[in-house]
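The structure file protein36.tsv is reproduced below (TSV, C-alpha atoms (C1' of nucleotides)).
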chain	number	residue	atom	x	y	z
A	1	MET	CA	94.22	-5.94	-89.34
A	2	LYS	CA	92.81	-9.01	-87.63
A	3	GLU	CA	89.10	-9.26	-87.09
A	4	LYS	CA	88.51	-9.77	-83.41
A	5	GLU	CA	86.07	-12.51	-82.50
A	6	ASN	CA	83.44	-11.65	-79.98
A	7	SER	CA	82.00	-14.00	-77.38
A	8	LYS	CA	78.75	-14.59	-79.19
A	9	ASP	CA	80.46	-15.74	-82.35
A	10	LYS	CA	82.84	-17.96	-80.44
A	11	LEU	CA	79.91	-19.63	-78.70
A	12	ILE	CA	78.04	-20.22	-81.94
A	13	LYS	CA	81.10	-21.55	-83.69
A	14	THR	CA	81.94	-23.99	-80.93
A	15	ALA	CA	78.34	-25.06	-80.44
A	16	SER	CA	78.02	-25.64	-84.15
A	17	ARG	CA	80.96	-28.02	-84.09
A	18	LEU	CA	79.88	-29.87	-80.97
A	19	PHE	CA	76.25	-30.31	-81.97
A	20	GLN	CA	77.41	-31.81	-85.23
A	21	LEU	CA	79.85	-34.13	-83.51
A	22	GLN	CA	77.84	-35.26	-80.51
A	23	GLY	CA	74.25	-34.28	-81.18
A	24	TYR	CA	71.93	-31.97	-79.32
A	25	HIS	CA	71.28	-33.71	-76.03
A	26	ALA	CA	74.79	-35.00	-75.50
A	27	THR	CA	76.26	-31.52	-75.77
A	28	GLY	CA	76.06	-29.52	-72.58
A	29	LEU	CA	76.21	-25.79	-72.18
A	30	ASN	CA	79.14	-26.21	-69.82
A	31	GLN	CA	81.19	-27.95	-72.48
A	32	ILE	CA	80.31	-25.30	-75.02
A	33	THR	CA	81.35	-22.38	-72.84
A	34	LYS	CA	84.51	-24.15	-71.71
A	35	GLU	CA	85.72	-25.12	-75.19
A	36	SER	CA	84.76	-21.82	-76.73
A	37	GLY	CA	86.89	-19.89	-74.32
A	38	ALA	CA	84.01	-17.45	-73.98
A	39	PRO	CA	83.20	-16.11	-70.53
A	40	LYS	CA	80.93	-18.51	-68.72
A	41	GLY	CA	78.53	-15.86	-67.62
A	42	SER	CA	77.93	-14.54	-71.11
A	43	LEU	CA	75.82	-17.35	-72.50
A	44	TYR	CA	72.42	-16.33	-71.21
A	45	TYR	CA	73.21	-12.72	-71.96
A	46	HIS	CA	73.72	-13.46	-75.66
A	47	PHE	CA	71.12	-16.22	-75.83
A	48	PRO	CA	68.25	-15.35	-73.48
A	49	ASP	CA	66.24	-18.34	-74.70
A	50	GLY	CA	69.02	-20.70	-73.71
A	51	LYS	CA	70.06	-23.87	-75.44
A	52	GLU	CA	67.32	-23.88	-78.05
A	53	GLN	CA	68.26	-20.44	-79.33
A	54	LEU	CA	71.94	-21.28	-79.37
A	55	ALA	CA	71.18	-24.42	-81.36
A	56	ILE	CA	69.09	-22.51	-83.88
A	57	GLU	CA	71.89	-20.06	-84.54
A	58	SER	CA	74.40	-22.92	-84.69
A	59	VAL	CA	72.38	-24.74	-87.31
A	60	HIS	CA	72.22	-21.52	-89.29
A	61	LEU	CA	75.98	-21.29	-89.23
A	62	THR	CA	76.43	-24.91	-90.25
A	63	ALA	CA	73.91	-24.53	-93.06
A	64	GLN	CA	75.68	-21.46	-94.31
A	65	PHE	CA	78.99	-23.30	-94.32
A	66	VAL	CA	77.54	-26.24	-96.24
A	67	SER	CA	75.86	-23.91	-98.71
A	68	GLU	CA	79.20	-22.33	-99.46
A	69	GLN	CA	80.68	-25.74	-100.15
A	70	ILE	CA	77.81	-26.48	-102.49
A	71	VAL	CA	78.20	-23.20	-104.39
A	72	GLU	CA	81.92	-23.69	-104.66
A	73	GLY	CA	81.54	-27.26	-105.93
A	74	LEU	CA	78.81	-26.44	-108.42
A	75	ASN	CA	80.82	-23.59	-109.91
A	76	LYS	CA	83.67	-25.88	-110.86
A	77	SER	CA	81.95	-26.99	-114.04
A	78	SER	CA	79.12	-25.90	-116.27
A	79	ASP	CA	78.25	-29.54	-116.83
A	80	PRO	CA	75.82	-30.38	-114.01
A	81	VAL	CA	76.96	-33.99	-113.79
A	82	LYS	CA	80.58	-33.09	-113.32
A	83	ALA	CA	79.72	-30.20	-111.04
A	84	ILE	CA	77.69	-32.33	-108.64
A	85	GLN	CA	80.34	-35.01	-108.68
A	86	TYR	CA	83.02	-32.46	-107.81
A	87	LEU	CA	80.87	-31.24	-105.00
A	88	ILE	CA	80.30	-34.66	-103.44
A	89	GLU	CA	83.91	-35.68	-103.88
A	90	GLY	CA	84.95	-32.47	-102.20
A	91	MET	CA	82.72	-33.23	-99.26
A	92	ALA	CA	84.11	-36.76	-99.08
A	93	GLU	CA	87.66	-35.45	-99.14
A	94	ARG	CA	86.99	-32.99	-96.33
A	95	PHE	CA	85.29	-35.73	-94.34
A	96	GLN	CA	88.21	-38.08	-94.93
A	97	LYS	CA	90.61	-35.50	-93.53
A	98	GLU	CA	88.70	-35.58	-90.25
A	99	GLY	CA	89.10	-39.35	-90.13
A	100	CYS	CA	85.40	-39.62	-91.04
A	101	LYS	CA	84.74	-38.52	-87.48
A	102	GLY	CA	83.52	-35.00	-88.07
A	103	GLY	CA	79.86	-35.83	-87.77
A	104	VAL	CA	77.05	-35.22	-90.22
A	105	PRO	CA	75.96	-31.60	-90.65
A	106	ILE	CA	72.58	-30.87	-89.04
A	107	ALA	CA	71.33	-34.46	-89.19
A	108	SER	CA	71.65	-35.34	-85.53
A	109	VAL	CA	70.06	-32.12	-84.34
A	110	ALA	CA	67.27	-32.57	-86.88
A	111	LEU	CA	66.49	-36.09	-85.72
A	112	GLU	CA	66.74	-35.30	-82.03
A	113	THR	CA	64.61	-32.18	-82.05
A	114	ALA	CA	62.03	-32.69	-84.80
A	115	LEU	CA	59.42	-33.75	-82.26
A	116	ILE	CA	60.31	-31.49	-79.36
A	117	SER	CA	61.06	-28.06	-80.80
A	118	GLY	CA	59.12	-26.45	-83.59
A	119	PRO	CA	61.54	-23.58	-84.19
A	120	LEU	CA	64.56	-25.86	-84.31
A	121	ARG	CA	62.82	-28.26	-86.59
A	122	ASP	CA	61.86	-25.40	-88.92
A	123	THR	CA	65.45	-24.23	-88.96
A	124	CYS	CA	66.72	-27.66	-90.01
A	125	GLN	CA	64.01	-28.05	-92.58
A	126	SER	CA	64.76	-24.74	-94.22
A	127	ALA	CA	68.45	-25.62	-94.31
A	128	TYR	CA	67.67	-28.81	-96.21
A	129	ARG	CA	65.38	-26.91	-98.53
A	130	SER	CA	68.09	-24.41	-99.36
A	131	PHE	CA	70.50	-27.24	-100.22
A	132	GLN	CA	68.13	-28.87	-102.64
A	133	ALA	CA	67.17	-25.51	-104.13
A	134	GLN	CA	70.80	-25.06	-105.13
A	135	PHE	CA	70.84	-28.39	-106.93
A	136	THR	CA	67.55	-27.61	-108.61
A	137	GLN	CA	68.80	-24.22	-109.75
A	138	LYS	CA	71.91	-25.73	-111.30
A	139	LEU	CA	69.81	-28.28	-113.17
A	140	VAL	CA	67.36	-25.69	-114.47
A	141	GLN	CA	70.24	-23.57	-115.69
A	142	SER	CA	71.52	-26.61	-117.55
A	143	GLY	CA	68.25	-27.06	-119.39
A	144	PHE	CA	66.36	-29.52	-117.23
A	145	GLU	CA	62.62	-29.09	-117.11
A	146	GLU	CA	61.62	-27.36	-113.89
A	147	ASN	CA	59.50	-30.05	-112.27
A	148	ARG	CA	62.04	-32.72	-113.01
A	149	ALA	CA	64.80	-30.49	-111.66
A	150	LYS	CA	62.89	-30.07	-108.42
A	151	GLU	CA	62.42	-33.79	-108.02
A	152	LEU	CA	66.05	-34.45	-108.76
A	153	GLY	CA	67.07	-31.82	-106.23
A	154	VAL	CA	65.26	-33.74	-103.52
A	155	VAL	CA	66.71	-37.06	-104.62
A	156	ILE	CA	70.28	-35.80	-104.81
A	157	ASN	CA	69.91	-34.24	-101.41
A	158	SER	CA	68.60	-37.54	-100.04
A	159	MET	CA	71.49	-39.48	-101.51
A	160	ILE	CA	74.07	-37.16	-100.02
A	161	GLU	CA	72.49	-37.09	-96.58
A	162	GLY	CA	72.13	-40.86	-96.51
A	163	ALA	CA	75.66	-41.41	-97.73
A	164	PHE	CA	76.96	-39.08	-95.03
A	165	LEU	CA	75.10	-41.05	-92.39
A	166	LEU	CA	76.51	-44.35	-93.65
A	167	SER	CA	80.00	-42.95	-94.04
A	168	PHE	CA	80.00	-41.60	-90.52
A	169	THR	CA	78.64	-44.80	-89.01
A	170	SER	CA	81.14	-46.97	-90.85
A	171	GLY	CA	84.06	-44.59	-90.51
A	172	ASN	CA	84.61	-44.89	-94.24
A	173	CYS	CA	83.88	-42.48	-97.09
A	174	GLU	CA	82.97	-45.17	-99.57
A	175	PRO	CA	79.22	-44.48	-99.57
A	176	LEU	CA	79.81	-40.84	-100.45
A	177	LEU	CA	82.14	-41.79	-103.29
A	178	LEU	CA	79.76	-44.41	-104.64
A	179	VAL	CA	76.95	-41.90	-104.66
A	180	ALA	CA	79.11	-39.48	-106.60
A	181	LYS	CA	79.83	-42.23	-109.08
A	182	GLN	CA	76.11	-42.77	-109.74
A	183	ILE	CA	75.31	-39.16	-110.53
A	184	PRO	CA	75.76	-39.61	-114.30
A	185	VAL	CA	73.23	-42.42	-114.26
A	186	ILE	CA	70.62	-40.38	-112.44
A	187	LEU	CA	71.00	-37.27	-114.58
A	188	ASP	CA	70.44	-39.11	-117.82
B	1	MET	CA	46.94	-69.75	-76.95
B	2	LYS	CA	48.42	-66.34	-76.38
B	3	GLU	CA	52.16	-65.97	-76.18
B	4	LYS	CA	52.95	-64.26	-72.92
B	5	GLU	CA	55.45	-61.44	-73.09
B	6	ASN	CA	58.19	-61.41	-70.51
B	7	SER	CA	59.71	-58.32	-68.94
B	8	LYS	CA	62.88	-58.43	-70.97
B	9	ASP	CA	61.03	-58.42	-74.26
B	10	LYS	CA	58.72	-55.65	-73.15
B	11	LEU	CA	61.69	-53.51	-72.21
B	12	ILE	CA	63.43	-54.09	-75.53
B	13	LYS	CA	60.28	-53.42	-77.50
B	14	THR	CA	59.55	-50.16	-75.71
B	15	ALA	CA	63.16	-49.02	-75.78
B	16	SER	CA	63.32	-49.77	-79.47
B	17	ARG	CA	60.34	-47.50	-80.13
B	18	LEU	CA	61.55	-44.68	-77.89
B	19	PHE	CA	65.12	-44.62	-79.13
B	20	GLN	CA	63.81	-44.36	-82.66
B	21	LEU	CA	61.42	-41.56	-81.74
B	22	GLN	CA	63.56	-39.48	-79.41
B	23	GLY	CA	67.11	-40.65	-79.87
B	24	TYR	CA	69.53	-42.18	-77.42
B	25	HIS	CA	70.33	-39.41	-74.97
B	26	ALA	CA	66.83	-38.00	-74.76
B	27	THR	CA	65.38	-41.33	-73.75
B	28	GLY	CA	65.71	-42.11	-70.07
B	29	LEU	CA	65.60	-45.48	-68.39
B	30	ASN	CA	62.77	-44.23	-66.20
B	31	GLN	CA	60.61	-43.53	-69.21
B	32	ILE	CA	61.40	-46.91	-70.72
B	33	THR	CA	60.46	-48.88	-67.63
B	34	LYS	CA	57.34	-46.82	-67.07
B	35	GLU	CA	56.00	-47.09	-70.60
B	36	SER	CA	56.93	-50.74	-70.96
B	37	GLY	CA	54.89	-51.69	-67.95
B	38	ALA	CA	57.79	-53.92	-66.91
B	39	PRO	CA	58.73	-54.03	-63.24
B	40	LYS	CA	61.03	-51.15	-62.43
B	41	GLY	CA	63.47	-53.30	-60.58
B	42	SER	CA	63.98	-55.70	-63.45
B	43	LEU	CA	66.02	-53.53	-65.78
B	44	TYR	CA	69.47	-54.06	-64.35
B	45	TYR	CA	68.70	-57.70	-63.78
B	46	HIS	CA	68.07	-58.31	-67.47
B	47	PHE	CA	70.62	-55.76	-68.71
B	48	PRO	CA	73.59	-55.77	-66.31
B	49	ASP	CA	75.54	-53.41	-68.57
B	50	GLY	CA	72.78	-50.83	-68.37
B	51	LYS	CA	71.63	-48.47	-71.04
B	52	GLU	CA	74.26	-49.37	-73.61
B	53	GLN	CA	73.32	-53.02	-73.57
B	54	LEU	CA	69.62	-52.25	-73.75
B	55	ALA	CA	70.26	-49.98	-76.73
B	56	ILE	CA	72.25	-52.68	-78.51
B	57	GLU	CA	69.45	-55.18	-78.16
B	58	SER	CA	66.92	-52.53	-79.17
B	59	VAL	CA	68.82	-51.75	-82.35
B	60	HIS	CA	68.92	-55.46	-83.09
B	61	LEU	CA	65.15	-55.64	-82.80
B	62	THR	CA	64.62	-52.59	-84.99
B	63	ALA	CA	67.02	-53.94	-87.60
B	64	GLN	CA	65.22	-57.26	-87.63
B	65	PHE	CA	61.92	-55.50	-88.12
B	66	VAL	CA	63.24	-53.43	-91.02
B	67	SER	CA	64.82	-56.49	-92.60
B	68	GLU	CA	61.46	-58.21	-92.60
B	69	GLN	CA	59.92	-55.23	-94.36
B	70	ILE	CA	62.68	-55.40	-96.96
B	71	VAL	CA	62.24	-59.12	-97.57
B	72	GLU	CA	58.50	-58.73	-97.83
B	73	GLY	CA	58.78	-55.83	-100.27
B	74	LEU	CA	61.42	-57.48	-102.44
B	75	ASN	CA	59.37	-60.64	-102.76
B	76	LYS	CA	56.46	-58.83	-104.31
B	77	SER	CA	58.03	-58.90	-107.73
B	78	SER	CA	60.76	-60.74	-109.60
B	79	ASP	CA	61.58	-57.52	-111.41
B	80	PRO	CA	64.13	-55.77	-109.17
B	81	VAL	CA	62.97	-52.30	-110.18
B	82	LYS	CA	59.37	-52.94	-109.26
B	83	ALA	CA	60.37	-54.87	-106.15
B	84	ILE	CA	62.47	-52.06	-104.73
B	85	GLN	CA	59.80	-49.54	-105.61
B	86	TYR	CA	57.20	-51.61	-103.78
B	87	LEU	CA	59.48	-51.76	-100.81
B	88	ILE	CA	60.08	-48.03	-100.56
B	89	GLU	CA	56.44	-47.20	-101.19
B	90	GLY	CA	55.50	-49.61	-98.45
B	91	MET	CA	57.87	-47.89	-96.05
B	92	ALA	CA	56.45	-44.51	-97.04
B	93	GLU	CA	52.91	-45.74	-96.48
B	94	ARG	CA	53.74	-47.05	-93.04
B	95	PHE	CA	55.51	-43.81	-92.21
B	96	GLN	CA	52.55	-41.80	-93.45
B	97	LYS	CA	50.23	-43.71	-91.13
B	98	GLU	CA	52.29	-42.51	-88.17
B	99	GLY	CA	51.85	-38.94	-89.38
B	100	CYS	CA	55.50	-39.01	-90.48
B	101	LYS	CA	56.34	-38.80	-86.79
B	102	GLY	CA	57.56	-42.33	-86.16
B	103	GLY	CA	61.22	-41.47	-86.31
B	104	VAL	CA	63.92	-42.91	-88.53
B	105	PRO	CA	65.00	-46.47	-87.72
B	106	ILE	CA	68.46	-46.61	-86.11
B	107	ALA	CA	69.68	-43.33	-87.56
B	108	SER	CA	69.52	-41.21	-84.44
B	109	VAL	CA	71.18	-43.83	-82.27
B	110	ALA	CA	73.85	-44.32	-84.92
B	111	LEU	CA	74.65	-40.61	-85.11
B	112	GLU	CA	74.59	-40.07	-81.36
B	113	THR	CA	76.74	-43.02	-80.40
B	114	ALA	CA	79.18	-43.51	-83.26
B	115	LEU	CA	81.90	-41.66	-81.37
B	116	ILE	CA	81.16	-42.77	-77.82
B	117	SER	CA	80.38	-46.48	-77.94
B	118	GLY	CA	82.22	-48.99	-80.08
B	119	PRO	CA	79.79	-51.85	-79.51
B	120	LEU	CA	76.74	-49.73	-80.28
B	121	ARG	CA	78.35	-48.30	-83.34
B	122	ASP	CA	79.23	-51.79	-84.57
B	123	THR	CA	75.65	-52.87	-84.04
B	124	CYS	CA	74.32	-50.01	-86.15
B	125	GLN	CA	76.91	-50.58	-88.82
B	126	SER	CA	76.10	-54.24	-89.17
B	127	ALA	CA	72.41	-53.40	-89.39
B	128	TYR	CA	73.08	-51.10	-92.32
B	129	ARG	CA	75.27	-53.71	-93.95
B	130	SER	CA	72.55	-56.30	-93.73
B	131	PHE	CA	70.08	-53.95	-95.41
B	132	GLN	CA	72.32	-53.27	-98.34
B	133	ALA	CA	73.23	-56.95	-98.61
B	134	GLN	CA	69.58	-57.69	-99.24
B	135	PHE	CA	69.42	-55.19	-102.07
B	136	THR	CA	72.64	-56.55	-103.54
B	137	GLN	CA	71.37	-60.11	-103.37
B	138	LYS	CA	68.18	-59.21	-105.20
B	139	LEU	CA	70.16	-57.49	-107.94
B	140	VAL	CA	72.58	-60.40	-108.35
B	141	GLN	CA	69.66	-62.79	-108.64
B	142	SER	CA	68.28	-60.58	-111.38
B	143	GLY	CA	71.44	-60.82	-113.41
B	144	PHE	CA	73.42	-57.78	-112.31
B	145	GLU	CA	77.15	-58.17	-112.22
B	146	GLU	CA	78.31	-58.66	-108.64
B	147	ASN	CA	80.49	-55.61	-108.15
B	148	ARG	CA	77.91	-53.35	-109.67
B	149	ALA	CA	75.23	-54.95	-107.51
B	150	LYS	CA	77.28	-54.21	-104.41
B	151	GLU	CA	77.75	-50.59	-105.35
B	152	LEU	CA	74.09	-50.19	-106.11
B	153	GLY	CA	73.20	-51.76	-102.77
B	154	VAL	CA	75.11	-49.04	-100.99
B	155	VAL	CA	73.60	-46.29	-103.12
B	156	ILE	CA	70.02	-47.53	-102.70
B	157	ASN	CA	70.57	-47.80	-98.97
B	158	SER	CA	71.90	-44.23	-98.91
B	159	MET	CA	68.94	-42.90	-100.83
B	160	ILE	CA	66.45	-44.54	-98.52
B	161	GLU	CA	68.17	-43.40	-95.33
B	162	GLY	CA	68.51	-39.87	-96.61
B	163	ALA	CA	64.92	-39.75	-97.78
B	164	PHE	CA	63.77	-40.98	-94.38
B	165	LEU	CA	65.73	-38.23	-92.68
B	166	LEU	CA	64.24	-35.56	-94.95
B	167	SER	CA	60.74	-36.97	-94.67
B	168	PHE	CA	60.91	-37.02	-90.90
B	169	THR	CA	62.31	-33.50	-90.66
B	170	SER	CA	59.72	-32.09	-93.03
B	171	GLY	CA	56.83	-34.19	-91.75
B	172	ASN	CA	56.10	-35.20	-95.32
B	173	CYS	CA	56.73	-38.46	-97.18
B	174	GLU	CA	57.50	-36.80	-100.48
B	175	PRO	CA	61.26	-37.47	-100.41
B	176	LEU	CA	60.66	-41.20	-99.95
B	177	LEU	CA	58.20	-41.28	-102.83
B	178	LEU	CA	60.49	-39.32	-105.12
B	179	VAL	CA	63.33	-41.70	-104.38
B	180	ALA	CA	61.08	-44.63	-105.26
B	181	LYS	CA	60.24	-42.90	-108.52
B	182	GLN	CA	63.92	-42.65	-109.48
B	183	ILE	CA	64.72	-46.32	-109.00
B	184	PRO	CA	64.08	-47.22	-112.67
B	185	VAL	CA	66.60	-44.61	-113.73
B	186	ILE	CA	69.30	-45.90	-111.44
B	187	LEU	CA	68.86	-49.56	-112.32
B	188	ASP	CA	69.26	-48.98	-116.02
C	1	DG	C1'	63.13	-61.96	-60.42
C	2	DT	C1'	61.55	-58.02	-58.55
C	3	DC	C1'	61.22	-54.01	-55.24
C	4	DT	C1'	62.51	-49.65	-52.83
C	5	DA	C1'	65.54	-46.41	-51.62
C	6	DT	C1'	69.20	-43.80	-52.51
C	7	DA	C1'	73.87	-42.19	-53.92
C	8	DC	C1'	75.90	-39.32	-56.96
C	9	DC	C1'	76.38	-36.35	-60.73
C	10	DA	C1'	75.31	-33.31	-64.69
C	11	DC	C1'	72.06	-30.73	-66.66
C	12	DG	C1'	69.57	-26.14	-67.91
C	13	DA	C1'	68.28	-22.10	-65.94
C	14	DT	C1'	67.95	-18.01	-62.68
C	15	DA	C1'	69.28	-14.30	-59.40
C	16	DG	C1'	71.85	-10.64	-58.05
C	17	DA	C1'	76.54	-8.63	-57.44
C	18	DC	C1'	79.88	-6.17	-60.03
D	1	DG	C1'	78.87	-7.79	-70.37
D	2	DT	C1'	80.38	-10.82	-67.21
D	3	DC	C1'	80.70	-13.54	-62.72
D	4	DT	C1'	79.48	-16.76	-59.06
D	5	DA	C1'	76.40	-19.24	-56.53
D	6	DT	C1'	72.59	-21.91	-56.43
D	7	DC	C1'	68.06	-24.06	-57.40
D	8	DG	C1'	65.44	-27.83	-59.08
D	9	DT	C1'	65.25	-31.65	-61.92
D	10	DG	C1'	66.34	-35.72	-63.96
D	11	DG	C1'	69.99	-38.80	-65.35
D	12	DT	C1'	72.45	-43.67	-64.53
D	13	DA	C1'	73.60	-46.88	-61.47
D	14	DT	C1'	73.92	-49.57	-57.05
D	15	DA	C1'	72.69	-51.86	-52.54
D	16	DG	C1'	70.13	-54.80	-50.05
D	17	DA	C1'	65.45	-56.51	-48.65
D	18	DC	C1'	62.06	-59.72	-50.21
So, in terms of structure tokens, how does the structure I just supplied come out?
Amino acid sequence: MKEKENSKDKLIKTASRLFQLQGYHATGLNQITKESGAPKGSLYYHFPDGKEQLAIESVHLTAQFVSEQIVEGLNKSSDPVKAIQYLIEGMAERFQKEGCKGGVPIASVALETALISGPLRDTCQSAYRSFQAQFTQKLVQSGFEENRAKELGVVINSMIEGAFLLSFTSGNCEPLLLVAKQIPVILD
Amino acid sequence: MKEKENSKDKLIKTASRLFQLQGYHATGLNQITKESGAPKGSLYYHFPDGKEQLAIESVHLTAQFVSEQIVEGLNKSSDPVKAIQYLIEGMAERFQKEGCKGGVPIASVALETALISGPLRDTCQSAYRSFQAQFTQKLVQSGFEENRAKELGVVINSMIEGAFLLSFTSGNCEPLLLVAKQIPVILD
DNA sequence: GTCTATACCACGATAGAC
DNA sequence: GTCTATCGTGGTATAGAC
């Protein structure tokens, strides 16, 4: 029994991919409707607030996808060092499979819209916060003191985001892998 | 004896600021010429290849500016840990003064153009490489083994870029400061 | 070196039929 | 829910006078 995909979901899914690949301003609504296969006239029916609303829901989808990767990676070991390494290596592997051309989740939209759209900026910010909360939670569960775990959550998140940016720009996963390699040093 | 600024330099300087603030696609040539105060007709005279060429030279200028900050910060101490901490704290302070709204150097242009312009992508990539080379050099001078110094250069660069992205998105310098705080742990 | 005018196109968004 | 047509704007880039 196959779950049928409705137009709204197809639009969000396609937009999510294109915003990540090309950024916010470079991705047009025409391209999104065309590639999604959704009826052209349906966009403003499902998203009355237009591009901004579509982008917000797309970032939500991307964030949810990344969160699942994080959960999955962190559950592979009870040792937080190994768990976080698994997670980053998994991300690097997935990125490698796309030829390091899959884009960086959320980052481009966050940078492009932080100054022009409050709601979109809030959406990106809360996505980042949920990522680091997952790291923090894992560390607390492993016995780290709470304040330190919070700080480390931010730092680990920074490292991963930065390494993604460098990997994408260089077309090479090395930065992600080197960051993974340093995790044992940071979680001393 | 005041150094007079020519039109070309004014255009590059303004473009450099706007690309960093708004990104590549959101910044129009009209806005650049208007805000630069340069003659409107002079753009395609100085930059025959149009927007792409202007962006390349703008990224060069931004990269040069950041490199100077790095050199200045690293020279404040012979101890690499303190030096890198000074550097990051200095960046955070400067960012704070702009209300954390100054944009992230290069990042948005890098993300937006990596897949659509080889030359621009190469320019961004070489900027990032020069940053990390400065970190590596400092570490080698301080007695770190060369391969390890190279790896750490990449990781430190990742941390800073990621922290910038998070600080800009959240409008708060905390990520940059927390990264600075972790430097002693990483350079064990 | 600089200016004006303009060609040409894509964008986001809306209106109104079905 | 979906379609088509269209509006207004702003984008990059070019041509040709000065």
Exercise for the section: Find the residue from A:Ile88, A:Gly162, A:His25, A:Leu54 that sits nearest to Val104 in chain B; use all atoms listed in the file when measuring. Expected result: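 The answer is A:Gly162, which sits nearest to Val104 in chain B.
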Handout entry: 10 Å contacts from chain A to chain C using all atoms listed in the file, as a list in words
Key =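 Interface list for chain A against chain C: His25, Gly28, Leu29, Asn30, Tyr44, Asp49, Gly50 and Lys51 of chain A.
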Keeping only C-alpha atoms, write the selected residues to a file as a PDB file, in the coordinates of the input.
ATOM      1  CA  HIS A  25      71.280 -33.710 -76.030  1.00  0.00           C
ATOM      2  CA  GLY A  28      76.060 -29.520 -72.580  1.00  0.00           C
ATOM      3  CA  LEU A  29      76.210 -25.790 -72.180  1.00  0.00           C
ATOM      4  CA  ASN A  30      79.140 -26.210 -69.820  1.00  0.00           C
ATOM      5  CA  TYR A  44      72.420 -16.330 -71.210  1.00  0.00           C
ATOM      6  CA  ASP A  49      66.240 -18.340 -74.700  1.00  0.00           C
ATOM      7  CA  GLY A  50      69.020 -20.700 -73.710  1.00  0.00           C
ATOM      8  CA  LYS A  51      70.060 -23.870 -75.440  1.00  0.00           C
TER       9      LYS A  51
END
Interface residues on chain B facing chain A, 6 Å, all atoms listed in the file, written as a PDB file with C-alpha atoms, in the coordinates of the input:
ATOM      1  CA  GLN B  22      63.560 -39.480 -79.410  1.00  0.00           C
ATOM      2  CA  GLY B  23      67.110 -40.650 -79.870  1.00  0.00           C
ATOM      3  CA  HIS B  25      70.330 -39.410 -74.970  1.00  0.00           C
ATOM      4  CA  GLU B 112      74.590 -40.070 -81.360  1.00  0.00           C
ATOM      5  CA  ALA B 114      79.180 -43.510 -83.260  1.00  0.00           C
ATOM      6  CA  GLN B 125      76.910 -50.580 -88.820  1.00  0.00           C
ATOM      7  CA  VAL B 155      73.600 -46.290-103.120  1.00  0.00           C
ATOM      8  CA  SER B 158      71.900 -44.230 -98.910  1.00  0.00           C
ATOM      9  CA  MET B 159      68.940 -42.900-100.830  1.00  0.00           C
ATOM     10  CA  GLU B 161      68.170 -43.400 -95.330  1.00  0.00           C
ATOM     11  CA  GLY B 162      68.510 -39.870 -96.610  1.00  0.00           C
ATOM     12  CA  ALA B 163      64.920 -39.750 -97.780  1.00  0.00           C
ATOM     13  CA  THR B 169      62.310 -33.500 -90.660  1.00  0.00           C
ATOM     14  CA  SER B 170      59.720 -32.090 -93.030  1.00  0.00           C
ATOM     15  CA  VAL B 179      63.330 -41.700-104.380  1.00  0.00           C
ATOM     16  CA  VAL B 185      66.600 -44.610-113.730  1.00  0.00           C
ATOM     17  CA  ILE B 186      69.300 -45.900-111.440  1.00  0.00           C
TER      18      ILE B 186
END
Problem - Counting only C-alpha atoms (C1' of nucleotides), chain D residues within 7 Å of chain A, as a list in words - result: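 The selection requested is DG1, DT2 and DC3 of chain D.
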Practice task
Rounded to one decimal place, report the CA of Gln31 in chain A-CA of Ala15 in chain A distance in Å.
Solution key: 8.9 Å
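The space separating CA of Ile32 in chain B from CA of Pro48 in chain B comes to 15.7 Å.
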Practice task
For CA of Thr136 in chain B and CA of Ala149 in chain B, determine how far apart the two atoms are, in Å to one decimal place.
Solution key: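 CA of Ala149 in chain B lies at a distance of 5.0 Å from CA of Thr136 in chain B.
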N, CA and C atoms are what I want for range 139-147 of chain B; can you complete it accordingly and write them as a PDB file, keeping the file's coordinate frame?
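Output file selection38.pdb is given in full below:
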ATOM      1  N   LEU B 139      69.639 -57.923-106.636  1.00  0.00           N
ATOM      2  CA  LEU B 139      70.160 -57.490-107.940  1.00  0.00           C
ATOM      3  C   LEU B 139      70.986 -58.589-108.596  1.00  0.00           C
ATOM      4  N   VAL B 140      71.778 -59.310-107.794  1.00  0.00           N
ATOM      5  CA  VAL B 140      72.580 -60.400-108.350  1.00  0.00           C
ATOM      6  C   VAL B 140      71.652 -61.477-108.929  1.00  0.00           C
ATOM      7  N   GLN B 141      70.622 -61.786-108.174  1.00  0.00           N
ATOM      8  CA  GLN B 141      69.660 -62.790-108.640  1.00  0.00           C
ATOM      9  C   GLN B 141      69.000 -62.374-109.958  1.00  0.00           C
ATOM     10  N   SER B 142      68.934 -61.062-110.162  1.00  0.00           N
ATOM     11  CA  SER B 142      68.280 -60.580-111.380  1.00  0.00           C
ATOM     12  C   SER B 142      69.256 -60.397-112.525  1.00  0.00           C
ATOM     13  N   GLY B 143      70.492 -60.833-112.314  1.00  0.00           N
ATOM     14  CA  GLY B 143      71.440 -60.820-113.410  1.00  0.00           C
ATOM     15  C   GLY B 143      72.441 -59.682-113.398  1.00  0.00           C
ATOM     16  N   PHE B 144      72.425 -58.850-112.379  1.00  0.00           N
ATOM     17  CA  PHE B 144      73.420 -57.780-112.310  1.00  0.00           C
ATOM     18  C   PHE B 144      74.790 -58.365-111.981  1.00  0.00           C
ATOM     19  N   GLU B 145      75.780 -57.757-112.525  1.00  0.00           N
ATOM     20  CA  GLU B 145      77.150 -58.170-112.220  1.00  0.00           C
ATOM     21  C   GLU B 145      77.438 -57.877-110.748  1.00  0.00           C
ATOM     22  N   GLU B 146      78.211 -58.710-110.098  1.00  0.00           N
ATOM     23  CA  GLU B 146      78.310 -58.660-108.640  1.00  0.00           C
ATOM     24  C   GLU B 146      78.860 -57.353-108.077  1.00  0.00           C
ATOM     25  N   ASN B 147      79.931 -56.862-108.678  1.00  0.00           N
ATOM     26  CA  ASN B 147      80.490 -55.610-108.150  1.00  0.00           C
ATOM     27  C   ASN B 147      79.512 -54.440-108.294  1.00  0.00           C
TER      28      ASN B 147
END
